[in-house]
file start.cif (mmCIF, C-alpha atoms)
data_input
loop_
_atom_site.label_atom_id
_atom_site.label_comp_id
_atom_site.auth_asym_id
_atom_site.auth_seq_id
_atom_site.Cartn_x
_atom_site.Cartn_y
_atom_site.Cartn_z
CA MET A 1131 -37.27 12.08 -11.42
CA SER A 1132 -39.05 9.87 -13.93
CA ASN A 1133 -41.89 10.57 -16.30
CA THR A 1134 -43.69 7.73 -14.56
CA ALA A 1135 -43.62 9.63 -11.26
CA PRO A 1136 -47.07 10.46 -9.84
CA HIS A 1137 -46.31 14.19 -9.80
CA ASP A 1138 -45.62 14.33 -13.56
CA PRO A 1139 -48.61 12.70 -15.20
CA LEU A 1140 -49.89 13.10 -18.73
CA VAL A 1141 -53.55 14.14 -18.54
CA ILE A 1142 -55.75 13.83 -21.62
CA ALA A 1143 -59.49 14.46 -21.49
CA GLY A 1144 -59.38 14.22 -17.71
CA LYS A 1145 -57.65 10.84 -17.57
CA THR A 1146 -54.14 10.38 -16.17
CA TYR A 1147 -51.45 8.31 -17.86
CA ARG A 1148 -47.96 7.32 -16.74
CA SER A 1149 -46.54 6.72 -20.21
CA ARG A 1150 -45.94 9.57 -22.63
CA LEU A 1151 -45.37 7.23 -25.56
CA LEU A 1152 -48.45 6.48 -27.65
CA THR A 1153 -48.15 3.77 -30.27
CA GLY A 1154 -49.93 2.66 -33.39
CA THR A 1155 -51.16 -0.83 -34.19
CA GLY A 1156 -50.73 -0.98 -37.95
CA LYS A 1157 -47.91 -2.32 -40.16
CA PHE A 1158 -46.86 -5.13 -37.81
CA LYS A 1159 -46.58 -8.63 -39.27
CA ASP A 1160 -49.36 -9.94 -37.02
CA PHE A 1161 -51.31 -9.22 -33.86
CA GLU A 1162 -48.77 -11.06 -31.71
CA GLU A 1163 -45.98 -8.72 -32.80
CA THR A 1164 -48.34 -5.81 -32.18
CA ARG A 1165 -48.89 -7.05 -28.63
CA LEU A 1166 -45.21 -7.59 -27.90
CA ALA A 1167 -44.18 -4.19 -29.29
CA THR A 1168 -46.93 -2.40 -27.40
CA GLU A 1169 -45.83 -4.03 -24.16
CA ALA A 1170 -42.17 -3.21 -24.82
CA ALA A 1171 -43.09 0.41 -25.48
CA GLY A 1172 -44.97 0.64 -22.21
CA ALA A 1173 -47.77 2.38 -24.08
CA GLU A 1174 -51.11 2.93 -22.39
CA ILE A 1175 -52.82 4.63 -25.34
CA VAL A 1176 -52.85 2.73 -28.63
CA THR A 1177 -54.25 4.18 -31.81
CA VAL A 1178 -56.25 2.07 -34.24
CA ALA A 1179 -57.24 2.78 -37.84
CA ILE A 1180 -60.95 2.04 -37.81
CA ARG A 1181 -61.12 1.61 -41.59
CA ARG A 1182 -58.32 -0.97 -41.61
CA THR A 1183 -58.52 -2.91 -38.34
CA ASN A 1184 -61.07 -5.43 -37.10
CA LEU A 1185 -62.53 -4.38 -33.75
CA GLY A 1186 -65.53 -6.60 -34.11
CA GLN A 1187 -66.83 -5.54 -37.52
CA SER A 1188 -65.80 -8.96 -38.86
CA PRO A 1189 -66.79 -11.58 -36.26
CA ASN A 1190 -64.97 -14.42 -38.03
CA GLU A 1191 -61.60 -12.64 -38.24
CA PRO A 1192 -58.96 -12.01 -35.54
CA ASN A 1193 -59.92 -9.08 -33.33
CA LEU A 1194 -57.27 -6.61 -32.19
CA LEU A 1195 -59.11 -6.17 -28.89
CA ASP A 1196 -58.27 -9.78 -28.01
CA VAL A 1197 -54.57 -8.90 -27.77
CA LEU A 1198 -54.95 -5.27 -26.66
CA PRO A 1199 -57.98 -5.39 -24.36
CA PRO A 1200 -59.73 -2.09 -23.58
CA ASP A 1201 -59.59 -2.79 -19.85
CA ARG A 1202 -55.80 -2.57 -20.06
CA TYR A 1203 -55.29 -0.01 -22.85
CA THR A 1204 -57.01 3.17 -23.89
CA ILE A 1205 -58.03 2.50 -27.48
CA LEU A 1206 -57.65 5.61 -29.62
CA PRO A 1207 -59.62 5.19 -32.86
CA ASN A 1208 -58.19 7.25 -35.70
CA THR A 1209 -59.49 8.43 -39.04
CA ALA A 1210 -56.48 7.37 -41.11
CA GLY A 1211 -57.34 7.22 -44.79
CA CYS A 1212 -59.97 9.97 -44.60
CA TYR A 1213 -59.68 12.89 -47.02
CA THR A 1214 -62.83 14.85 -46.15
CA ALA A 1215 -64.35 16.16 -42.95
CA ASP A 1216 -67.58 14.23 -43.52
CA ASP A 1217 -65.71 10.95 -43.99
CA ALA A 1218 -63.73 11.54 -40.80
CA VAL A 1219 -66.85 12.33 -38.80
CA ARG A 1220 -68.58 9.16 -40.06
CA THR A 1221 -65.53 7.10 -39.12
CA CYS A 1222 -65.49 8.50 -35.57
CA ARG A 1223 -69.18 7.76 -35.15
CA LEU A 1224 -68.58 4.18 -36.31
CA ALA A 1225 -65.80 3.86 -33.74
CA ARG A 1226 -68.14 5.11 -31.02
CA GLU A 1227 -70.63 2.38 -31.92
CA LEU A 1228 -67.99 -0.36 -32.05
CA LEU A 1229 -66.46 0.69 -28.72
CA ASP A 1230 -69.67 1.14 -26.73
CA GLY A 1231 -69.85 4.90 -26.60
CA HIS A 1232 -66.10 5.61 -26.54
CA THR A 1233 -65.52 9.32 -27.25
CA LEU A 1234 -61.72 9.76 -27.35
CA VAL A 1235 -60.60 9.85 -31.00
CA LYS A 1236 -57.63 10.86 -33.08
CA LEU A 1237 -58.69 13.07 -35.96
CA GLU A 1238 -56.61 13.15 -39.11
CA VAL A 1239 -57.85 14.40 -42.47
CA LEU A 1240 -55.26 13.98 -45.19
CA GLY A 1241 -54.61 16.29 -48.09
CA ASP A 1242 -53.01 13.94 -50.61
CA GLN A 1243 -51.78 10.37 -50.90
CA LYS A 1244 -48.15 11.21 -51.65
CA THR A 1245 -47.22 13.27 -48.59
CA LEU A 1246 -50.10 12.32 -46.25
CA TYR A 1247 -49.92 15.95 -45.18
CA PRO A 1248 -52.99 17.16 -43.29
CA ASP A 1249 -55.73 19.10 -45.06
CA VAL A 1250 -56.08 21.82 -42.47
CA VAL A 1251 -59.32 23.25 -43.86
CA GLN A 1252 -61.05 19.87 -43.67
CA THR A 1253 -59.42 19.17 -40.31
CA LEU A 1254 -60.89 22.34 -38.82
CA ALA A 1255 -64.34 21.52 -40.20
CA ALA A 1256 -64.22 17.97 -38.83
CA ALA A 1257 -62.94 19.11 -35.43
CA GLU A 1258 -65.84 21.54 -35.05
CA LYS A 1259 -68.40 18.83 -35.90
CA LEU A 1260 -66.85 16.22 -33.64
CA VAL A 1261 -66.49 18.50 -30.61
CA ALA A 1262 -70.09 19.61 -31.05
CA ASP A 1263 -71.08 15.92 -31.18
CA GLY A 1264 -69.45 15.19 -27.82
CA PHE A 1265 -66.15 13.68 -28.93
CA ASP A 1266 -62.83 14.25 -27.17
CA VAL A 1267 -60.65 15.07 -30.14
CA MET A 1268 -56.90 14.61 -30.34
CA VAL A 1269 -56.02 16.24 -33.64
CA TYR A 1270 -53.20 15.60 -36.12
CA THR A 1271 -52.17 18.84 -37.74
CA SER A 1272 -49.37 20.75 -39.41
CA ASP A 1273 -46.80 22.58 -37.29
CA ASP A 1274 -48.61 25.90 -37.72
CA PRO A 1275 -48.88 27.71 -34.35
CA ILE A 1276 -51.93 29.71 -35.43
CA LEU A 1277 -53.77 26.60 -36.55
CA ALA A 1278 -52.84 24.82 -33.33
CA ARG A 1279 -54.33 27.69 -31.34
CA ARG A 1280 -57.52 27.60 -33.40
CA LEU A 1281 -57.92 23.85 -32.85
CA GLU A 1282 -57.50 24.36 -29.12
CA GLU A 1283 -60.13 27.13 -29.19
CA ILE A 1284 -62.54 24.77 -30.96
CA GLY A 1285 -62.19 22.42 -28.00
CA CYS A 1286 -59.71 19.73 -29.04
CA VAL A 1287 -58.24 17.97 -25.98
CA ALA A 1288 -54.75 17.58 -27.51
CA VAL A 1289 -52.94 19.10 -30.46
CA MET A 1290 -50.64 16.77 -32.39
CA PRO A 1291 -48.37 18.56 -34.87
CA LEU A 1292 -46.20 16.56 -37.22
CA ALA A 1293 -42.44 16.52 -36.77
CA ALA A 1294 -42.13 15.56 -40.45
CA PRO A 1295 -44.43 13.82 -42.95
CA ILE A 1296 -46.04 10.54 -41.85
CA GLY A 1297 -43.71 7.59 -42.23
CA SER A 1298 -40.77 9.73 -43.41
CA GLY A 1299 -38.52 9.08 -40.42
CA LEU A 1300 -36.97 12.52 -40.88
CA GLY A 1301 -37.29 13.55 -37.25
CA VAL A 1302 -38.09 17.04 -35.94
CA GLN A 1303 -37.73 19.40 -38.89
CA ASN A 1304 -38.97 22.67 -37.41
CA LYS A 1305 -38.28 22.82 -33.70
CA TYR A 1306 -39.05 26.54 -33.53
CA ASN A 1307 -42.62 26.07 -34.75
CA LEU A 1308 -43.06 23.26 -32.23
CA LEU A 1309 -41.69 25.46 -29.45
CA GLU A 1310 -44.15 28.20 -30.37
CA ILE A 1311 -47.03 25.73 -30.17
CA ILE A 1312 -45.81 24.24 -26.89
CA GLU A 1313 -45.24 27.57 -25.18
CA ASN A 1314 -48.73 28.84 -25.96
CA ALA A 1315 -50.86 25.71 -25.63
CA LYS A 1316 -53.07 25.00 -22.65
CA VAL A 1317 -53.75 21.43 -23.79
CA PRO A 1318 -51.21 18.63 -24.28
CA VAL A 1319 -49.00 18.90 -27.35
CA LEU A 1320 -47.81 15.57 -28.78
CA VAL A 1321 -45.58 15.08 -31.78
CA ASP A 1322 -47.37 12.86 -34.26
CA ALA A 1323 -45.58 11.61 -37.39
CA GLY A 1324 -42.03 11.82 -38.65
CA VAL A 1325 -40.11 10.16 -35.82
CA GLY A 1326 -37.54 7.69 -37.16
CA THR A 1327 -35.42 6.60 -34.24
CA ALA A 1328 -34.95 7.04 -30.51
CA SER A 1329 -32.99 10.29 -30.73
CA ASP A 1330 -35.87 11.90 -32.67
CA ALA A 1331 -38.26 11.03 -29.86
CA ALA A 1332 -35.85 12.36 -27.24
CA ILE A 1333 -35.47 15.66 -29.11
CA ALA A 1334 -39.24 16.12 -29.27
CA MET A 1335 -39.53 15.51 -25.54
CA GLU A 1336 -36.57 17.77 -24.72
CA LEU A 1337 -38.39 20.60 -26.51
CA GLY A 1338 -41.21 20.21 -24.02
CA CYS A 1339 -43.70 18.07 -25.93
CA ASP A 1340 -46.10 16.26 -23.63
CA GLY A 1341 -45.76 13.03 -25.55
CA VAL A 1342 -44.97 11.32 -28.84
CA LEU A 1343 -47.18 9.14 -31.00
CA MET A 1344 -45.54 6.79 -33.48
CA ASN A 1345 -46.20 3.70 -35.55
CA THR A 1346 -43.91 3.33 -38.57
CA ALA A 1347 -40.72 4.00 -36.60
CA ILE A 1348 -41.45 0.93 -34.49
CA ALA A 1349 -43.35 -1.36 -36.86
CA GLY A 1350 -40.99 -0.65 -39.75
CA ALA A 1351 -37.79 -1.27 -37.80
CA LYS A 1352 -35.73 -4.41 -38.43
CA HIS A 1353 -36.55 -5.49 -34.87
CA PRO A 1354 -39.83 -3.79 -33.91
CA VAL A 1355 -40.01 -5.02 -30.31
CA LEU A 1356 -36.45 -3.88 -29.61
CA MET A 1357 -37.14 -0.49 -31.20
CA ALA A 1358 -40.27 -0.15 -29.08
CA SER A 1359 -38.13 -0.64 -25.99
CA ALA A 1360 -35.65 1.97 -27.26
CA MET A 1361 -38.46 4.46 -27.88
CA LYS A 1362 -39.78 3.96 -24.36
CA LYS A 1363 -36.39 4.85 -22.90
CA ALA A 1364 -35.94 7.79 -25.27
CA VAL A 1365 -39.27 9.37 -24.34
CA GLU A 1366 -38.54 8.94 -20.64
CA ALA A 1367 -35.01 10.36 -20.99
CA GLY A 1368 -36.22 13.30 -23.07
CA ARG A 1369 -38.87 14.15 -20.51
CA GLU A 1370 -36.39 13.97 -17.64
CA ALA A 1371 -33.96 16.20 -19.54
CA PHE A 1372 -36.71 18.76 -20.18
CA LEU A 1373 -37.69 18.81 -16.52
CA ALA A 1374 -34.05 18.99 -15.41
CA GLY A 1375 -33.29 22.01 -17.59
CA ARG A 1376 -30.33 21.82 -19.92
CA ILE A 1377 -27.27 24.07 -19.70
CA PRO A 1378 -27.05 27.00 -22.13
CA ARG A 1379 -25.25 26.47 -25.42
CA LYS A 1380 -21.93 28.32 -25.61
CA ARG A 1381 -19.39 28.74 -28.38
CA ASN A 1382 -16.50 28.17 -26.00
CA ALA A 1383 -15.82 25.78 -23.17
CA SER A 1384 -15.92 26.84 -19.52
CA ALA A 1385 -13.88 25.15 -16.85
CA SER A 1386 -15.64 22.77 -14.49
CA SER A 1387 -13.72 24.24 -11.57
CA PRO A 1388 -12.93 27.95 -11.11
CA ILE A 1389 -9.28 28.94 -11.42
CA ASP A 1390 -9.51 32.37 -9.78
CA GLY A 1391 -7.20 32.68 -6.80
CA LEU A 1392 -5.01 29.72 -7.64
CA ILE A 1393 -1.29 30.27 -6.89
CA GLY A 1394 0.84 30.97 -9.94
#

call {"tool": "encode", "arguments": {"input": "start.cif", "output": "structure tokens"}}
result
Amino acid sequence: MSNTAPHDPLVIAGKTYRSRLLTGTGKFKDFEETRLATEAAGAEIVTVAIRRTNLGQSPNEPNLLDVLPPDRYTILPNTAGCYTADDAVRTCRLARELLDGHTLVKLEVLGDQKTLYPDVVQTLAAAEKLVADGFDVMVYTSDDPILARRLEEIGCVAVMPLAAPIGSGLGVQNKYNLLEIIENAKVPVLVDAGVGTASDAAIAMELGCDGVLMNTAIAGAKHPVLMASAMKKAVEAGREAFLAGRIPRKRNASASSPIDGLIG
């Protein structure tokens, strides 16, 4: 069974996707590397920092949409670099104008420049405004199960708790909080931030996450395109392992074959 099988789709805001790996478009050396890494990752949803990327705002500069066309990829505008709810809402409205009415957005409102940890108070305020304004909001948040539930109640279409701080590469630091969120959510739960290598992505998927979003782990690798390929395999393997159901952990080994009844 593969995560690309028709009977195991990822559904976000009513749209079905085969890939459960979402990738960022920043930090690559150029748009060509961005294109190659995105293809190697098999990503169908790519997130774009509206405040930092040209999507047509600057007609005389290279346009990301030329290498990642919207007819092939779902463009996910994000509010990276926003520190207030009002700033995030303005950024999403700008994205909607640039992308001809596009409503799917990734909301992130940061608390400080050192940790890039989410400001949950401002995130809640922005989510309420954006949902009321007709946006489909995928929301970056802390790994707080109560907050995740509140964001779902507001109407967010996906909850995206961090595994560890953005860009840290520390991997999943609190699997029990993630499990609590996953087990109670009725919308997709995707790990966003903190993944460093393929095993981190696999662990997140084995816990039951619906997907993983990453940028730095791929773009910051020594060989980004190769790492993108590794992440694709890791997400698929982690999903298959989750669906298969792992054996229980035991302190002692158990024989593969029973020995009861053997002579002697």

call {"tool": "residues_around", "arguments": {"input": "start.cif", "residues": "segment 1282-1285 of chain A", "least_positions_apart": "5", "cutoff": "9 Å", "atoms": "all atoms listed in the file", "output": "list in words"}}
result
Leu1254, Ala1257, Glu1258, Val1261, Ala1262, Asp1266, Val1267, Leu1277, Ala1315, Lys1316 and Val1317 of chain A

call {"tool": "atom_distance", "arguments": {"input": "start.cif", "atom1": "atom CA of Ser1149 of chain A", "atom2": "atom CA of Glu1238 of chain A"}}
result
22.4 Å

call {"tool": "atom_distance", "arguments": {"input": "start.cif", "atom1": "atom CA of Met1268 of chain A", "atom2": "atom CA of Ala1351 of chain A"}}
result
25.9 Å

call {"tool": "resolve_selection", "arguments": {"input": "start.cif", "expression": "the PyMOL selection byres ((chain A and resi 1152) around 10)", "output": "PDB file with C-alpha atoms, in the coordinates of the input"}}
result
ATOM      1  CA  SER A1149     -46.540   6.720 -20.210  1.00  0.00           C
ATOM      2  CA  ARG A1150     -45.940   9.570 -22.630  1.00  0.00           C
ATOM      3  CA  LEU A1151     -45.370   7.230 -25.560  1.00  0.00           C
ATOM      4  CA  THR A1153     -48.150   3.770 -30.270  1.00  0.00           C
ATOM      5  CA  GLY A1154     -49.930   2.660 -33.390  1.00  0.00           C
ATOM      6  CA  THR A1168     -46.930  -2.400 -27.400  1.00  0.00           C
ATOM      7  CA  ALA A1171     -43.090   0.410 -25.480  1.00  0.00           C
ATOM      8  CA  GLY A1172     -44.970   0.640 -22.210  1.00  0.00           C
ATOM      9  CA  ALA A1173     -47.770   2.380 -24.080  1.00  0.00           C
ATOM     10  CA  GLU A1174     -51.110   2.930 -22.390  1.00  0.00           C
ATOM     11  CA  ILE A1175     -52.820   4.630 -25.340  1.00  0.00           C
ATOM     12  CA  VAL A1176     -52.850   2.730 -28.630  1.00  0.00           C
ATOM     13  CA  THR A1177     -54.250   4.180 -31.810  1.00  0.00           C
ATOM     14  CA  THR A1204     -57.010   3.170 -23.890  1.00  0.00           C
ATOM     15  CA  LEU A1206     -57.650   5.610 -29.620  1.00  0.00           C
ATOM     16  CA  LEU A1320     -47.810  15.570 -28.780  1.00  0.00           C
ATOM     17  CA  VAL A1321     -45.580  15.080 -31.780  1.00  0.00           C
ATOM     18  CA  ASP A1322     -47.370  12.860 -34.260  1.00  0.00           C
ATOM     19  CA  GLY A1341     -45.760  13.030 -25.550  1.00  0.00           C
ATOM     20  CA  VAL A1342     -44.970  11.320 -28.840  1.00  0.00           C
ATOM     21  CA  LEU A1343     -47.180   9.140 -31.000  1.00  0.00           C
ATOM     22  CA  MET A1344     -45.540   6.790 -33.480  1.00  0.00           C
ATOM     23  CA  ASN A1345     -46.200   3.700 -35.550  1.00  0.00           C
ATOM     24  CA  LYS A1362     -39.780   3.960 -24.360  1.00  0.00           C
TER      25      LYS A1362
END

call {"tool": "closest_residue", "arguments": {"input": "start.cif", "among": "A:Arg1280, A:Pro1318, A:Pro1275, A:Tyr1147", "to": "Tyr1306 of chain A", "atoms": "all atoms listed in the file"}}
result
A:Pro1275

call {"tool": "resolve_selection", "arguments": {"input": "start.cif", "expression": "the PyMOL selection byres ((chain A and resi 1211-1221) around 7)", "output": "MDAnalysis selection string"}}
result
chainID A and resid 1180 1209:1210 1222:1225 1239:1241 1252:1253 1255:1256 1260

call {"tool": "write_last_selection", "arguments": {"input": "start.cif", "atoms": "C-alpha atoms", "output": "mmCIF file, keeping the file's coordinate frame"}}
result
data_model
loop_
_atom_site.group_PDB
_atom_site.id
_atom_site.type_symbol
_atom_site.label_atom_id
_atom_site.label_comp_id
_atom_site.auth_asym_id
_atom_site.auth_seq_id
_atom_site.Cartn_x
_atom_site.Cartn_y
_atom_site.Cartn_z
ATOM 1 C CA ILE A 1180 -60.950 2.040 -37.810
ATOM 2 C CA THR A 1209 -59.490 8.430 -39.040
ATOM 3 C CA ALA A 1210 -56.480 7.370 -41.110
ATOM 4 C CA CYS A 1222 -65.490 8.500 -35.570
ATOM 5 C CA ARG A 1223 -69.180 7.760 -35.150
ATOM 6 C CA LEU A 1224 -68.580 4.180 -36.310
ATOM 7 C CA ALA A 1225 -65.800 3.860 -33.740
ATOM 8 C CA VAL A 1239 -57.850 14.400 -42.470
ATOM 9 C CA LEU A 1240 -55.260 13.980 -45.190
ATOM 10 C CA GLY A 1241 -54.610 16.290 -48.090
ATOM 11 C CA GLN A 1252 -61.050 19.870 -43.670
ATOM 12 C CA THR A 1253 -59.420 19.170 -40.310
ATOM 13 C CA ALA A 1255 -64.340 21.520 -40.200
ATOM 14 C CA ALA A 1256 -64.220 17.970 -38.830
ATOM 15 C CA LEU A 1260 -66.850 16.220 -33.640
#

call {"tool": "residues_around", "arguments": {"input": "start.cif", "residues": "Cys1339 of chain A", "least_positions_apart": "2", "cutoff": "12 Å", "atoms": "only C-alpha atoms", "output": "MDAnalysis selection string"}}
result
chainID A and resid 1140 1150:1151 1288:1293 1302 1305 1307:1315 1317:1322 1331:1337 1341:1343 1365:1366 1368:1373

call {"tool": "atom_distance", "arguments": {"input": "start.cif", "atom1": "atom CA of Lys1363 of chain A", "atom2": "atom CA of Lys1145 of chain A"}}
result
22.7 Å

call {"tool": "residues_near_point", "arguments": {"input": "start.cif", "point": "(-47.8, -4.3, -36.0)", "cutoff": "9 Å", "atoms": "all atoms listed in the file", "output": "list in words"}}
result
Gly1154, Thr1155, Gly1156, Lys1157, Phe1158, Lys1159, Asp1160, Phe1161, Glu1162, Glu1163, Thr1164, Arg1165, Ala1167, Thr1168, Asn1345, Thr1346, Ile1348, Ala1349, Gly1350 and Pro1354 of chain A

call {"tool": "closest_residue", "arguments": {"input": "start.cif", "among": "A:Gly1144, A:Asn1193, A:Ser1359, A:Tyr1270", "to": "Asn1208 of chain A", "atoms": "all atoms listed in the file"}}
result
A:Tyr1270
